[in-house]
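In what follows, a single structure is set out as structure tokens and then discussed.
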Amino acid sequence: MFGRTKKRAAPRTVTLIGKPGCHLCDDAREVVRAVCAETGAVWEEKDILQDEELNREYWEQIPVVLVDGEQHTFWKVDAQRLRRALEG
């Protein structure tokens, strides 16, 4: 219809769940940071040592990456796969 504008979708949100001193978390952070910068997604980081529920749920999987609150991957983050998830 005339006069209607298409609403823009909110930016995608990537959450990295890890802990200090975790080398896999450090690697994942760099991938998440770079892919989010490319795609315009926002990202946040959560420390499982500061959140008992996250600790219980993800202790054996860190680092864990969520996209819009849904688990995307764990242990190793593949940049191409994350990019596809954010652009799709």
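Residue numbers start at 1 in each chain; chains themselves are named A, B, ... in the order of the structure tokens; ligands are numbered from 1 in the order shown.
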Can you pull out every residue within 9 Å of Lys19 (chain A), counting only C-alpha atoms, but drop anything in the same chain fewer than 6 positions away, and send it as a PyMOL selection string? chain A and resi 25+46-50+62-63
Requested write-out: C-alpha atoms of the selected residues, as a tab-separated table (two decimals), in the first residue's frame:
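The resulting result-v4.tsv:
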chain	number	residue	atom	x	y	z
A	25	CYS	CA	36.44	-18.17	25.22
A	46	LYS	CA	28.12	-13.30	30.23
A	47	ASP	CA	30.37	-14.93	32.82
A	48	ILE	CA	29.17	-18.32	34.05
A	49	LEU	CA	31.01	-17.72	37.32
A	50	GLN	CA	28.67	-14.79	38.01
A	62	ILE	CA	31.81	-23.10	27.27
A	63	PRO	CA	32.23	-21.05	25.33
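The list of residues with at least one atom within 10 Å of Pro11 (chain A), based on only C-alpha atoms and without residues fewer than 5 positions apart in the same chain, reads Thr39, Gly40, Ala41, Val42, Trp43, Asp68 and Leu86 of chain A.
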I need the residues from that last selection saved to file as an mmCIF file, in the first residue's frame (with N, CA, C and O atoms), if you can.
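Produced file result-v8.cif, reproduced below:
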data_model
loop_
_atom_site.group_PDB
_atom_site.id
_atom_site.type_symbol
_atom_site.label_atom_id
_atom_site.label_comp_id
_atom_site.auth_asym_id
_atom_site.auth_seq_id
_atom_site.Cartn_x
_atom_site.Cartn_y
_atom_site.Cartn_z
ATOM 1 N N THR A 39 28.275 -7.581 10.460
ATOM 2 C CA THR A 39 26.846 -7.772 10.186
ATOM 3 C C THR A 39 25.949 -6.731 10.855
ATOM 4 O O THR A 39 24.755 -6.689 10.559
ATOM 5 N N GLY A 40 26.502 -5.955 11.777
ATOM 6 C CA GLY A 40 25.687 -4.972 12.489
ATOM 7 C C GLY A 40 24.956 -5.552 13.686
ATOM 8 O O GLY A 40 24.142 -4.869 14.315
ATOM 9 N N ALA A 41 25.226 -6.805 14.009
ATOM 10 C CA ALA A 41 24.603 -7.419 15.188
ATOM 11 C C ALA A 41 25.240 -6.837 16.448
ATOM 12 O O ALA A 41 26.383 -6.395 16.439
ATOM 13 N N VAL A 42 24.490 -6.846 17.511
ATOM 14 C CA VAL A 42 25.032 -6.427 18.796
ATOM 15 C C VAL A 42 25.449 -7.685 19.548
ATOM 16 O O VAL A 42 24.922 -8.768 19.313
ATOM 17 N N TRP A 43 26.425 -7.530 20.432
ATOM 18 C CA TRP A 43 26.830 -8.703 21.202
ATOM 19 C C TRP A 43 27.084 -8.324 22.644
ATOM 20 O O TRP A 43 27.341 -7.169 22.970
ATOM 21 N N ASP A 68 20.083 -14.449 19.433
ATOM 22 C CA ASP A 68 18.718 -14.063 19.833
ATOM 23 C C ASP A 68 18.167 -15.013 20.892
ATOM 24 O O ASP A 68 17.005 -15.416 20.852
ATOM 25 N N LEU A 86 23.327 -14.931 11.250
ATOM 26 C CA LEU A 86 22.949 -13.537 11.496
ATOM 27 C C LEU A 86 22.340 -12.874 10.264
ATOM 28 O O LEU A 86 21.525 -11.969 10.380
#
Report as a ChimeraX atom specification: the residues of chain A with a DSSP assignment of helix (DSSP H, G or I), based on the backbone of this structure. /A:23-39,48-50,52-58,79-87
Which distance in Å separates CA of Glu45 (chain A) and CA of Arg12 (chain A), to one decimal? 14.4 Å
Might you pull out every residue within 12 Å of Glu60 (chain A), with only C-alpha atoms counted and same-chain residues fewer than 3 positions away left off, and present them as a short mmCIF file (atom, residue, chain, number, x, y, z; two decimals) with N, CA, C and O atoms, in the first residue's frame?
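Contents of the output file result18.cif:
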data_model
loop_
_atom_site.label_atom_id
_atom_site.label_comp_id
_atom_site.auth_asym_id
_atom_site.auth_seq_id
_atom_site.Cartn_x
_atom_site.Cartn_y
_atom_site.Cartn_z
N ILE A 17 28.81 -16.80 26.19
CA ILE A 17 28.83 -17.26 27.58
C ILE A 17 30.15 -17.97 27.80
O ILE A 17 30.48 -18.93 27.10
N GLY A 18 30.91 -17.50 28.77
CA GLY A 18 32.21 -18.09 29.05
C GLY A 18 32.66 -17.78 30.45
O GLY A 18 31.84 -17.53 31.34
N LYS A 19 33.97 -17.81 30.64
CA LYS A 19 34.53 -17.48 31.95
C LYS A 19 35.94 -16.93 31.75
O LYS A 19 36.59 -17.21 30.72
N ILE A 48 29.89 -17.26 33.34
CA ILE A 48 29.17 -18.32 34.05
C ILE A 48 29.52 -18.35 35.54
O ILE A 48 28.76 -18.91 36.32
N LEU A 54 23.34 -20.04 34.50
CA LEU A 54 24.19 -20.26 33.33
C LEU A 54 25.26 -21.29 33.62
O LEU A 54 25.58 -22.13 32.78
N ASN A 55 25.83 -21.24 34.83
CA ASN A 55 26.86 -22.20 35.23
C ASN A 55 26.32 -23.62 35.17
O ASN A 55 26.95 -24.51 34.60
N ARG A 56 25.14 -23.83 35.75
CA ARG A 56 24.54 -25.17 35.74
C ARG A 56 24.26 -25.65 34.31
O ARG A 56 24.51 -26.79 33.97
N GLU A 57 23.75 -24.75 33.49
CA GLU A 57 23.31 -25.14 32.15
C GLU A 57 24.47 -25.35 31.17
O GLU A 57 24.42 -26.24 30.33
N PRO A 63 33.14 -22.17 25.51
CA PRO A 63 32.23 -21.05 25.33
C PRO A 63 30.98 -21.47 24.57
O PRO A 63 31.02 -22.34 23.71
N VAL A 64 29.89 -20.82 24.92
CA VAL A 64 28.61 -21.06 24.26
C VAL A 64 28.19 -19.75 23.60
O VAL A 64 28.35 -18.68 24.17
N PHE A 74 28.78 -24.23 20.51
CA PHE A 74 29.62 -24.24 21.71
C PHE A 74 31.00 -24.74 21.35
O PHE A 74 31.22 -25.26 20.26
N TRP A 75 31.94 -24.51 22.23
CA TRP A 75 33.36 -24.85 22.12
C TRP A 75 34.09 -24.02 21.07
O TRP A 75 34.94 -23.22 21.39
#
Pick the closest to Val32 (chain A) from A:Glu52, A:Gln80, A:Val14, A:Glu70: which is it, counting only C-alpha atoms?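 Comparing A:Glu52, A:Gln80, A:Val14, A:Glu70 against Val32 (chain A), the winner is A:Val14.
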How would you write, as number ranges by chain, the set of residues in chain A that DSSP gives as strand (DSSP E or B)? A: 13-18, 42-47, 64-67, 70-74
Could those residues be written to a file, using N, CA, C and O atoms, as a CSV table (one decimal), in the first residue's frame?
chain,number,residue,atom,x,y,z
A,13,THR,N,21.0,-10.2,18.2
A,13,THR,CA,21.9,-10.2,19.4
A,13,THR,C,22.6,-11.5,19.6
A,13,THR,O,22.0,-12.6,19.6
A,14,VAL,N,23.9,-11.4,19.8
A,14,VAL,CA,24.8,-12.5,20.0
A,14,VAL,C,25.2,-12.5,21.5
A,14,VAL,O,25.7,-11.4,21.9
A,15,THR,N,25.1,-13.6,22.2
A,15,THR,CA,25.5,-13.7,23.6
A,15,THR,C,26.6,-14.7,23.6
A,15,THR,O,26.4,-15.8,23.2
A,16,LEU,N,27.8,-14.3,24.2
A,16,LEU,CA,28.9,-15.2,24.4
A,16,LEU,C,28.9,-15.5,25.9
A,16,LEU,O,29.0,-14.6,26.7
A,17,ILE,N,28.8,-16.8,26.2
A,17,ILE,CA,28.8,-17.3,27.6
A,17,ILE,C,30.2,-18.0,27.8
A,17,ILE,O,30.5,-18.9,27.1
A,18,GLY,N,30.9,-17.5,28.8
A,18,GLY,CA,32.2,-18.1,29.0
A,18,GLY,C,32.7,-17.8,30.5
A,18,GLY,O,31.8,-17.5,31.3
A,42,VAL,N,24.5,-6.8,17.5
A,42,VAL,CA,25.0,-6.4,18.8
A,42,VAL,C,25.4,-7.7,19.5
A,42,VAL,O,24.9,-8.8,19.3
A,43,TRP,N,26.4,-7.5,20.4
A,43,TRP,CA,26.8,-8.7,21.2
A,43,TRP,C,27.1,-8.3,22.6
A,43,TRP,O,27.3,-7.2,23.0
A,44,GLU,N,27.0,-9.3,23.5
A,44,GLU,CA,27.2,-9.2,24.9
A,44,GLU,C,27.9,-10.4,25.4
A,44,GLU,O,27.9,-11.5,24.7
A,45,GLU,N,28.5,-10.3,26.6
A,45,GLU,CA,29.2,-11.4,27.1
A,45,GLU,C,28.7,-11.7,28.5
A,45,GLU,O,28.5,-10.7,29.3
A,46,LYS,N,28.6,-12.9,28.9
A,46,LYS,CA,28.1,-13.3,30.2
A,46,LYS,C,29.1,-14.3,30.8
A,46,LYS,O,29.6,-15.2,30.1
A,47,ASP,N,29.4,-14.1,32.1
A,47,ASP,CA,30.4,-14.9,32.8
A,47,ASP,C,29.6,-16.0,33.6
A,47,ASP,O,28.8,-15.6,34.5
A,64,VAL,N,29.9,-20.8,24.9
A,64,VAL,CA,28.6,-21.1,24.3
A,64,VAL,C,28.2,-19.8,23.6
A,64,VAL,O,28.4,-18.7,24.2
A,65,VAL,N,27.7,-19.9,22.4
A,65,VAL,CA,27.2,-18.7,21.7
A,65,VAL,C,25.7,-18.9,21.4
A,65,VAL,O,25.2,-19.9,20.9
A,66,LEU,N,24.9,-17.8,21.8
A,66,LEU,CA,23.5,-17.8,21.6
A,66,LEU,C,23.2,-16.7,20.5
A,66,LEU,O,23.9,-15.7,20.5
A,67,VAL,N,22.3,-16.9,19.7
A,67,VAL,CA,21.8,-15.9,18.7
A,67,VAL,C,20.4,-15.7,19.0
A,67,VAL,O,19.5,-16.6,19.0
A,70,GLU,N,18.8,-18.1,21.5
A,70,GLU,CA,18.8,-19.6,21.2
A,70,GLU,C,20.3,-20.1,21.0
A,70,GLU,O,21.1,-19.4,20.3
A,71,GLN,N,20.6,-21.2,21.5
A,71,GLN,CA,21.9,-21.8,21.4
A,71,GLN,C,22.3,-22.0,19.9
A,71,GLN,O,21.6,-22.6,19.2
A,72,HIS,N,23.4,-21.4,19.5
A,72,HIS,CA,23.9,-21.5,18.2
A,72,HIS,C,25.0,-22.5,18.1
A,72,HIS,O,25.1,-23.4,17.2
A,73,THR,N,26.0,-22.4,19.0
A,73,THR,CA,27.1,-23.3,19.0
A,73,THR,C,27.8,-23.3,20.4
A,73,THR,O,27.5,-22.6,21.2
A,74,PHE,N,28.8,-24.2,20.5
A,74,PHE,CA,29.6,-24.2,21.7
A,74,PHE,C,31.0,-24.7,21.3
A,74,PHE,O,31.2,-25.3,20.3
So what do you get for CA of Ala9 (chain A) versus CA of Val35 (chain A), distance-wise? 18.3 Å
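With only C-alpha atoms as the atoms that count, the minimum distance from Trp59 (chain A) to the choices A:Asp78, A:Cys22, A:Ala37, A:Ala85 is reached by A:Cys22.
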